[in-house]
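S.K.: Input structure: run-v3.cif, which contains mmCIF, C-alpha atoms.
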data_target
loop_
_atom_site.label_atom_id
_atom_site.label_comp_id
_atom_site.auth_asym_id
_atom_site.auth_seq_id
_atom_site.Cartn_x
_atom_site.Cartn_y
_atom_site.Cartn_z
CA MET N 14 -24.01 8.09 -9.71
CA ALA N 15 -25.99 10.42 -7.55
CA LEU N 16 -24.85 10.80 -4.00
CA ASN N 17 -27.64 10.43 -1.51
CA ARG N 18 -26.12 12.50 1.28
CA LYS N 19 -27.48 14.88 3.84
CA VAL N 20 -24.24 16.86 3.53
CA GLY N 21 -23.54 18.75 0.34
CA LEU N 22 -20.08 19.13 -1.18
CA LEU N 23 -19.66 22.76 -0.07
CA SER N 24 -20.59 22.18 3.55
CA GLY N 25 -18.45 19.05 3.41
CA LEU N 26 -15.45 21.14 2.33
CA ARG N 27 -16.19 23.75 5.00
CA TYR N 28 -16.21 21.10 7.72
CA ARG N 29 -13.18 21.69 9.92
CA GLY N 30 -12.24 18.23 11.05
CA GLY N 31 -8.61 19.15 11.62
CA GLY N 32 -5.77 16.64 11.80
CA PRO N 33 -7.83 13.45 12.13
CA MET N 34 -9.97 14.39 9.11
CA LEU N 35 -6.87 15.18 7.05
CA ALA N 36 -5.47 11.78 8.06
CA TRP N 37 -8.71 10.07 7.01
CA ILE N 38 -8.70 11.77 3.59
CA LEU N 39 -4.99 11.11 3.02
CA HIS N 40 -5.44 7.47 4.06
CA ARG N 41 -8.00 7.06 1.26
CA VAL N 42 -6.00 9.01 -1.30
CA SER N 43 -2.78 7.14 -0.51
CA GLY N 44 -4.55 3.77 -0.60
CA VAL N 45 -6.05 4.45 -4.02
CA GLY N 46 -2.68 5.89 -5.11
CA MET N 47 -0.93 2.61 -4.27
CA ILE N 48 -3.59 0.59 -6.13
CA ILE N 49 -3.02 2.79 -9.21
CA PHE N 50 0.76 2.36 -8.88
CA VAL N 51 0.65 -1.42 -8.57
CA THR N 52 -1.86 -1.69 -11.44
CA LEU N 53 0.33 0.49 -13.70
CA HIS N 54 3.37 -1.58 -12.72
CA VAL N 55 1.70 -4.94 -13.43
CA LEU N 56 0.18 -3.69 -16.71
CA GLY N 57 3.44 -2.03 -17.80
CA SER N 58 5.59 -5.08 -17.06
CA PHE N 59 3.09 -7.44 -18.66
CA LEU N 60 2.77 -5.38 -21.86
CA THR N 61 6.54 -4.87 -22.10
CA GLN N 62 7.69 -8.39 -21.35
CA GLN N 63 4.93 -10.49 -22.87
CA MET N 64 3.91 -8.29 -25.83
CA GLY N 65 6.87 -5.96 -26.37
CA SER N 66 4.38 -3.10 -26.76
CA ASP N 67 5.16 0.63 -26.78
CA LEU N 68 2.26 1.29 -24.41
CA GLY N 69 4.04 -0.80 -21.79
CA ILE N 70 7.19 1.33 -22.16
CA THR N 71 5.07 4.50 -21.80
CA LEU N 72 3.53 3.13 -18.59
CA ASN N 73 7.01 2.23 -17.29
CA ILE N 74 8.22 5.78 -17.95
CA ILE N 75 5.23 7.18 -16.05
CA TYR N 76 5.65 5.17 -12.86
CA GLU N 77 9.45 5.27 -12.90
CA SER N 78 9.52 9.10 -13.03
CA LEU N 79 10.84 10.93 -9.97
CA TYR N 80 7.50 12.67 -9.29
CA PHE N 81 5.55 9.43 -9.30
CA GLN N 82 8.18 7.74 -7.13
CA LEU N 83 8.04 10.57 -4.59
CA PHE N 84 4.23 10.45 -4.60
CA ILE N 85 4.14 6.69 -4.15
CA PHE N 86 6.73 6.70 -1.39
CA PHE N 87 4.67 9.30 0.43
CA CYS N 88 1.59 7.08 -0.04
CA VAL N 89 3.40 4.04 1.36
CA ILE N 90 4.91 5.76 4.38
CA PHE N 91 1.76 7.72 5.22
CA HIS N 92 -0.57 4.75 4.78
CA ALA N 93 1.72 2.54 6.90
CA VAL N 94 2.17 4.96 9.80
CA ASN N 95 -1.45 6.13 9.80
CA GLY N 96 -2.65 2.53 9.56
CA LEU N 97 -0.56 1.55 12.59
CA ARG N 98 -2.00 4.58 14.44
CA ILE N 99 -5.53 3.40 13.63
CA ILE N 100 -4.69 -0.12 14.83
CA ALA N 101 -3.24 1.27 18.08
CA LEU N 102 -6.40 3.32 18.70
CA ASP N 103 -8.53 0.24 17.94
CA ILE N 104 -6.62 -1.92 20.40
CA TRP N 105 -6.67 0.71 23.19
CA PRO N 106 -9.99 2.57 22.66
CA ARG N 107 -9.31 4.82 25.66
CA LEU N 108 -6.57 6.51 23.61
CA ILE N 109 -9.25 7.97 21.29
CA ARG N 110 -9.30 10.91 23.71
CA TYR N 111 -5.87 11.75 22.30
CA GLN N 112 -6.83 11.25 18.65
CA LYS N 113 -5.76 14.75 17.63
CA GLU N 114 -2.43 14.41 19.41
CA SER N 115 -1.89 11.04 17.72
CA THR N 116 -2.16 12.66 14.29
CA TRP N 117 0.50 15.21 15.28
CA LEU N 118 2.70 12.39 16.52
CA GLU N 119 2.42 10.52 13.23
CA TRP N 120 3.67 13.56 11.29
CA PHE N 121 6.72 13.62 13.56
CA ILE N 122 7.52 10.16 12.17
CA ILE N 123 6.40 10.68 8.56
CA VAL N 124 8.12 14.01 7.87
CA PRO N 125 11.69 12.93 8.76
CA VAL N 126 11.40 9.49 7.12
CA PHE N 127 9.83 10.85 3.95
CA GLY N 128 12.04 13.94 3.90
CA LEU N 129 15.26 11.96 4.20
CA ALA N 130 14.26 9.49 1.47
CA ALA N 131 13.02 12.31 -0.78
CA LEU N 132 16.31 14.16 -0.32
CA ILE N 133 18.30 11.06 -1.31
CA MET N 134 16.03 10.41 -4.32
CA ILE N 135 16.18 14.02 -5.55
CA ARG N 136 19.95 14.26 -5.10
CA ARG N 137 20.40 11.04 -7.04
CA PHE N 138 18.06 12.32 -9.76
CA LEU N 139 19.97 15.62 -10.06
CA ALA N 140 23.29 13.74 -10.18
CA GLY N 141 21.94 11.78 -13.14
CA MET H 1 -16.75 7.76 32.83
CA ARG H 2 -19.31 4.97 32.90
CA SER H 3 -18.06 1.67 31.61
CA GLN H 4 -20.05 0.18 28.80
CA ASP H 5 -20.30 -3.40 27.61
CA LEU H 6 -18.81 -3.93 24.17
CA PRO H 7 -21.42 -5.08 21.65
CA LYS H 8 -20.95 -8.72 20.60
CA PRO H 9 -19.46 -8.80 17.09
CA SER H 10 -21.55 -10.53 14.46
CA TRP H 11 -19.39 -12.60 12.15
CA ASN H 12 -20.48 -11.06 8.88
CA LEU H 13 -18.34 -10.02 5.90
CA GLU H 14 -17.91 -6.44 7.10
CA TYR H 15 -16.62 -7.49 10.52
CA LEU H 16 -14.36 -10.18 9.07
CA MET H 17 -12.86 -7.74 6.56
CA TRP H 18 -12.46 -5.09 9.28
CA LEU H 19 -10.46 -7.64 11.28
CA PHE H 20 -8.55 -8.83 8.19
CA THR H 21 -7.59 -5.27 7.31
CA ARG H 22 -5.88 -4.85 10.70
CA LEU H 23 -4.23 -8.27 10.73
CA SER H 24 -3.00 -8.01 7.12
CA ALA H 25 -1.64 -4.51 7.78
CA ILE H 26 0.48 -5.81 10.66
CA SER H 27 1.55 -8.82 8.57
CA ILE H 28 2.67 -6.62 5.67
CA ALA H 29 4.63 -4.41 8.05
CA VAL H 30 6.36 -7.47 9.56
CA LEU H 31 7.10 -8.99 6.12
CA ALA H 32 8.52 -5.66 4.91
CA VAL H 33 10.79 -5.43 7.96
CA ILE H 34 11.99 -9.01 7.29
CA GLY H 35 12.84 -8.19 3.66
CA PHE H 36 14.48 -4.87 4.55
CA THR H 37 16.60 -6.35 7.35
CA ALA H 38 17.63 -9.43 5.37
CA ALA H 39 18.65 -7.26 2.40
CA LEU H 40 20.85 -5.11 4.63
CA ILE H 41 22.42 -8.22 6.20
CA MET H 42 23.10 -9.61 2.70
CA GLY H 43 25.02 -6.45 1.81
CA ALA H 44 22.41 -4.08 0.36
CA ARG H 45 24.11 -1.09 1.98
CA THR H 46 26.98 -1.16 -0.47
CA GLN H 47 25.36 -3.02 -3.36
CA MET H 48 22.22 -1.05 -4.21
CA ASP H 49 20.58 2.38 -4.03
CA LEU H 50 17.63 3.32 -1.83
CA GLY H 51 15.02 2.85 -4.56
CA THR H 52 16.20 -0.69 -5.30
CA LEU H 53 16.23 -1.53 -1.59
CA LEU H 54 12.63 -0.29 -1.25
CA ARG H 55 11.54 -2.26 -4.33
CA TRP H 56 12.98 -5.37 -2.68
CA THR H 57 11.42 -4.50 0.69
CA PHE H 58 7.85 -4.47 -0.59
CA PHE H 59 8.23 -7.31 -3.12
CA PRO H 60 11.39 -9.42 -2.62
CA ASN H 61 11.54 -10.61 -6.21
CA PRO H 62 15.00 -11.13 -7.83
CA ASN H 63 13.87 -9.07 -10.85
CA HIS H 64 13.52 -6.09 -8.52
CA VAL H 65 17.25 -6.10 -7.69
CA LEU H 66 18.64 -6.90 -11.15
CA ASP H 67 19.67 -3.25 -11.45
CA SER H 68 22.25 -3.40 -8.63
CA GLU H 69 25.78 -4.54 -7.85
CA ILE H 70 24.90 -7.87 -6.26
CA PRO H 71 27.61 -10.28 -7.45
CA ASP H 72 25.45 -13.42 -7.44
CA LEU H 73 21.65 -13.34 -7.18
CA ALA H 74 21.60 -17.11 -6.57
CA ALA H 75 23.39 -16.60 -3.24
CA GLY H 76 20.50 -15.74 -0.96
CA TRP H 77 18.37 -13.50 -3.19
CA THR H 78 16.56 -16.24 -5.18
CA ASN H 79 15.05 -19.10 -3.23
CA GLY H 80 11.88 -20.70 -1.92
CA PHE H 81 11.90 -18.64 1.25
CA TRP H 82 11.56 -15.39 -0.71
CA GLN H 83 8.94 -17.00 -2.95
CA ILE H 84 6.84 -17.76 0.13
CA ILE H 85 7.34 -14.20 1.44
CA GLN H 86 6.27 -12.85 -1.97
CA MET H 87 3.16 -15.04 -2.01
CA LEU H 88 2.20 -13.86 1.48
CA LEU H 89 2.81 -10.22 0.54
CA VAL H 90 0.70 -10.57 -2.60
CA PHE H 91 -2.14 -12.30 -0.78
CA PHE H 92 -2.23 -9.81 2.11
CA GLY H 93 -1.52 -6.79 -0.12
CA ALA H 94 -4.02 -7.58 -2.88
CA THR H 95 -6.79 -8.59 -0.49
CA HIS H 96 -6.22 -5.58 1.79
CA GLY H 97 -6.00 -3.22 -1.21
CA PHE H 98 -8.98 -4.44 -3.19
CA ASN H 99 -11.13 -4.66 -0.05
CA GLY H 100 -10.14 -1.06 0.69
CA LEU H 101 -11.11 -0.09 -2.85
CA ARG H 102 -14.48 -1.82 -2.32
CA VAL H 103 -15.06 0.17 0.88
CA VAL H 104 -14.23 3.46 -0.87
CA VAL H 105 -16.39 2.64 -3.90
CA GLU H 106 -19.34 1.64 -1.72
CA ASP H 107 -18.92 4.85 0.24
CA TYR H 108 -19.47 6.93 -2.89
CA SER H 109 -22.20 4.86 -4.56
CA ASN H 110 -25.76 3.98 -3.67
CA PRO H 111 -26.95 0.40 -3.15
CA GLY H 112 -28.27 -1.06 -6.37
CA PHE H 113 -27.21 -2.60 -9.65
CA TRP H 114 -24.06 -0.53 -10.17
CA GLN H 115 -22.77 -1.18 -6.68
CA VAL H 116 -23.13 -4.93 -7.19
CA ALA H 117 -21.50 -4.66 -10.63
CA LEU H 118 -18.54 -2.69 -9.22
CA ARG H 119 -18.22 -5.22 -6.42
CA GLY H 120 -18.05 -8.00 -8.98
CA LEU H 121 -15.47 -6.09 -11.04
CA ILE H 122 -13.27 -5.54 -7.98
CA PHE H 123 -13.60 -9.23 -7.09
CA LEU H 124 -12.49 -10.24 -10.60
CA LEU H 125 -9.55 -7.80 -10.46
CA TRP H 126 -8.52 -9.34 -7.14
CA VAL H 127 -8.64 -12.89 -8.54
CA PHE H 128 -6.77 -12.02 -11.74
CA SER H 129 -4.07 -9.91 -10.09
CA THR H 130 -3.41 -12.66 -7.53
CA LEU H 131 -3.16 -15.29 -10.27
CA ILE H 132 -0.79 -13.11 -12.36
CA ALA H 133 1.35 -12.52 -9.27
CA VAL H 134 1.59 -16.26 -8.52
CA TYR H 135 2.62 -16.83 -12.16
CA VAL H 136 5.31 -14.14 -11.85
CA ILE H 137 6.59 -15.49 -8.51
CA LEU H 138 6.83 -19.09 -9.72
CA GLY H 139 8.50 -17.96 -12.95
CA SER H 140 11.26 -15.92 -11.33
#
Translate this structure into structure tokens?
M.R.:
Amino acid sequence: MALNRKVGLLSGLRYRGGGPMLAWILHRVSGVGMIIFVTLHVLGSFLTQQMGSDLGITLNIIYESLYFQLFIFFCVIFHAVNGLRIIALDIWPRLIRYQKESTWLEWFIIVPVFGLAALIMIRRFLAG
Amino acid sequence: MRSQDLPKPSWNLEYLMWLFTRLSAISIAVLAVIGFTAALIMGARTQMDLGTLLRWTFFPNPNHVLDSEIPDLAAGWTNGFWQIIQMLLVFFGATHGFNGLRVVVEDYSNPGFWQVALRGLIFLLWVFSTLIAVYVILGS
């Protein structure tokens, strides 16, 4: 599918949107990431439980791996906090002046919550 | 700053879905907090690990906490209340998610046959995934 844009890919990548642009991109990536996770989970469970197929077990192994779990937890926590930030800016439009500051603020919430959970998950994984 | 009148919203699909995205996001957050808090009250702190607790938080299905040290799932973890919470989570989650996918897909495709076809595909995925989820919820 051809993209009918006035902005090419290179100039798009060079665009320095800063924190809010990073949040916008990550919101998309994390949203699609969660759709992929849920789809894999539904397909994997269905194929394993209803058909007893090996493909289902392979899918289960993929989404139950530590890396996928860490990725998906990041998706959930980022999408949730960033989504609430967007809602807050929508309800109080005057706060848009502080859009950049709001993206810093959200990382102050995401980093400790994600970091703590990741630490617990990795320690548990290393312990076996 | 000059004050400006807000434009009157027109009640088309885009505006409705914009509104639904916000409302469903808040609903999912509230439902997740309910599941998380109730699990902790019912003894999750000593009976399960973090991963199991999070699985329960986002989909309070008894199958999600089978792999834990809960003595009796029938005592609080399996009942109609959680089935209703699961149904709400599936409805809000699936609709929010597939509408988001539609927005992303339409952002990277031009109007025409393929955009309509992808829209239809996403609609079918939404219907089927919701039906499968209802089947799972009623069966567990």
S.K.: Atom CA of Leu101 of chain H and atom CA of Val136 of chain H are how many Å apart?
M.R.: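 It comes out at 23.4 Å.
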S.K.: By how many Å are atom CA of Thr52 of chain H and atom CA of Ile49 of chain N apart?
M.R.: 19.9 Å
S.K.: Applied to the shown file, which residues does the PyMOL selection byres ((chain N) within 10 of (chain H)) return, written as a VMD selection string?
M.R.: chain N and resid 14 to 18 41 to 42 44 to 45 47 to 48 51 to 52 55 59 82 86 89 92 to 94 96 to 97 99 to 101 103 130 133 to 134 137
S.K.: The PyMOL selection byres ((chain H and resi 85) around 10) on the file shown: which residues, as a list in words?
M.R.: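 On this input, the PyMOL selection byres ((chain H and resi 85) around 10) captures Ile28, Leu31, Ala32, Ile34, Gly35, Phe58, Phe59, Pro60, Asn61, Gly80, Phe81, Trp82, Gln83, Ile84, Gln86, Met87, Leu88, Leu89, Val90 and Phe91 of chain H.
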S.K.: Please list as a VMD selection string every residue within 12 Å of Ile74 of chain N, counting only C-alpha atoms and excluding residues in the same chain fewer than 4 positions away.
M.R.: chain N and resid 53 to 54 57 to 58 61 67 to 70 78 to 82
S.K.: Which one is closest to Ile41 of chain H: H:Gly76, H:Lys8, H:Asn99, H:Val65? Count all atoms listed in the file.
M.R.: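 Ranking H:Gly76, H:Lys8, H:Asn99, H:Val65 by distance to Ile41 of chain H, first place goes to H:Gly76.
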S.K.: Any idea what the distance is between atom CA of Phe84 of chain N and atom CA of Phe50 of chain N?
M.R.: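 Distance between the two atoms: 9.8 Å.
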S.K.: Counting all atoms listed in the file, what is within 12 Å of segment 45-48 of chain H, bar same-chain residues fewer than 4 positions away, as a list in words?
M.R.: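 Residues meeting the cut-off are Phe36, Thr37, Ala38, Ala39, Leu40, Ile41, Thr52, Leu53, Leu54, Arg55, Trp56, His64, Val65, Leu66, Asp67, Ser68, Glu69, Ile70, Pro71, Asp72 and Leu73 of chain H.
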S.K.: Restricting the calculation to all atoms listed in the file: of N:Ala131, N:Lys113, N:Leu139, N:Phe87, which residue gets closest to Leu35 of chain N?
M.R.: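 Residue with the minimum atom-to-atom distance to Leu35 of chain N: N:Lys113.
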S.K.: List, as a ChimeraX atom specification, every residue that the PyMOL selection byres ((chain N and resi 127) around 9) selects in the file provided.
M.R.: /N:83,86-87,90-91,122-126,128-132
S.K.: For a cutoff of 12 Å around the file-coordinate point (-4.5, 10.6, 20.1), which residues qualify once you count all atoms listed in the file? I'd like the result as a ChimeraX atom specification.
M.R.: /N:32-33,95,98-103,105-119
S.K.: Kindly output segment 53-65 of chain N as a PDB file, keeping the file's coordinate frame, after building N, CA and C atoms.
M.R.:
ATOM      1  N   LEU N  53      -0.521   0.000 -12.602  1.00  0.00           N
ATOM      2  CA  LEU N  53       0.330   0.490 -13.700  1.00  0.00           C
ATOM      3  C   LEU N  53       1.560  -0.387 -13.848  1.00  0.00           C
ATOM      4  N   HIS N  54       2.155  -0.776 -12.711  1.00  0.00           N
ATOM      5  CA  HIS N  54       3.370  -1.580 -12.720  1.00  0.00           C
ATOM      6  C   HIS N  54       3.110  -2.955 -13.346  1.00  0.00           C
ATOM      7  N   VAL N  55       2.018  -3.608 -12.902  1.00  0.00           N
ATOM      8  CA  VAL N  55       1.700  -4.940 -13.430  1.00  0.00           C
ATOM      9  C   VAL N  55       1.383  -4.849 -14.914  1.00  0.00           C
ATOM     10  N   LEU N  56       0.534  -3.862 -15.293  1.00  0.00           N
ATOM     11  CA  LEU N  56       0.180  -3.690 -16.710  1.00  0.00           C
ATOM     12  C   LEU N  56       1.412  -3.376 -17.547  1.00  0.00           C
ATOM     13  N   GLY N  57       2.246  -2.441 -17.060  1.00  0.00           N
ATOM     14  CA  GLY N  57       3.440  -2.030 -17.800  1.00  0.00           C
ATOM     15  C   GLY N  57       4.387  -3.186 -18.015  1.00  0.00           C
ATOM     16  N   SER N  58       4.664  -3.949 -16.945  1.00  0.00           N
ATOM     17  CA  SER N  58       5.590  -5.080 -17.060  1.00  0.00           C
ATOM     18  C   SER N  58       5.007  -6.147 -17.986  1.00  0.00           C
ATOM     19  N   PHE N  59       3.715  -6.405 -17.833  1.00  0.00           N
ATOM     20  CA  PHE N  59       3.090  -7.440 -18.660  1.00  0.00           C
ATOM     21  C   PHE N  59       3.164  -7.059 -20.140  1.00  0.00           C
ATOM     22  N   LEU N  60       2.783  -5.808 -20.454  1.00  0.00           N
ATOM     23  CA  LEU N  60       2.770  -5.380 -21.860  1.00  0.00           C
ATOM     24  C   LEU N  60       4.182  -5.340 -22.435  1.00  0.00           C
ATOM     25  N   THR N  61       5.179  -4.940 -21.602  1.00  0.00           N
ATOM     26  CA  THR N  61       6.540  -4.870 -22.100  1.00  0.00           C
ATOM     27  C   THR N  61       7.130  -6.251 -22.320  1.00  0.00           C
ATOM     28  N   GLN N  62       6.994  -7.108 -21.296  1.00  0.00           N
ATOM     29  CA  GLN N  62       7.690  -8.390 -21.350  1.00  0.00           C
ATOM     30  C   GLN N  62       6.974  -9.421 -22.200  1.00  0.00           C
ATOM     31  N   GLN N  63       5.646  -9.444 -22.154  1.00  0.00           N
ATOM     32  CA  GLN N  63       4.930 -10.490 -22.870  1.00  0.00           C
ATOM     33  C   GLN N  63       4.569 -10.053 -24.291  1.00  0.00           C
ATOM     34  N   MET N  64       4.383  -8.750 -24.514  1.00  0.00           N
ATOM     35  CA  MET N  64       3.910  -8.290 -25.830  1.00  0.00           C
ATOM     36  C   MET N  64       4.923  -7.385 -26.526  1.00  0.00           C
ATOM     37  N   GLY N  65       5.905  -6.889 -25.783  1.00  0.00           N
ATOM     38  CA  GLY N  65       6.870  -5.960 -26.370  1.00  0.00           C
ATOM     39  C   GLY N  65       6.207  -4.694 -26.900  1.00  0.00           C
TER      40      GLY N  65
END
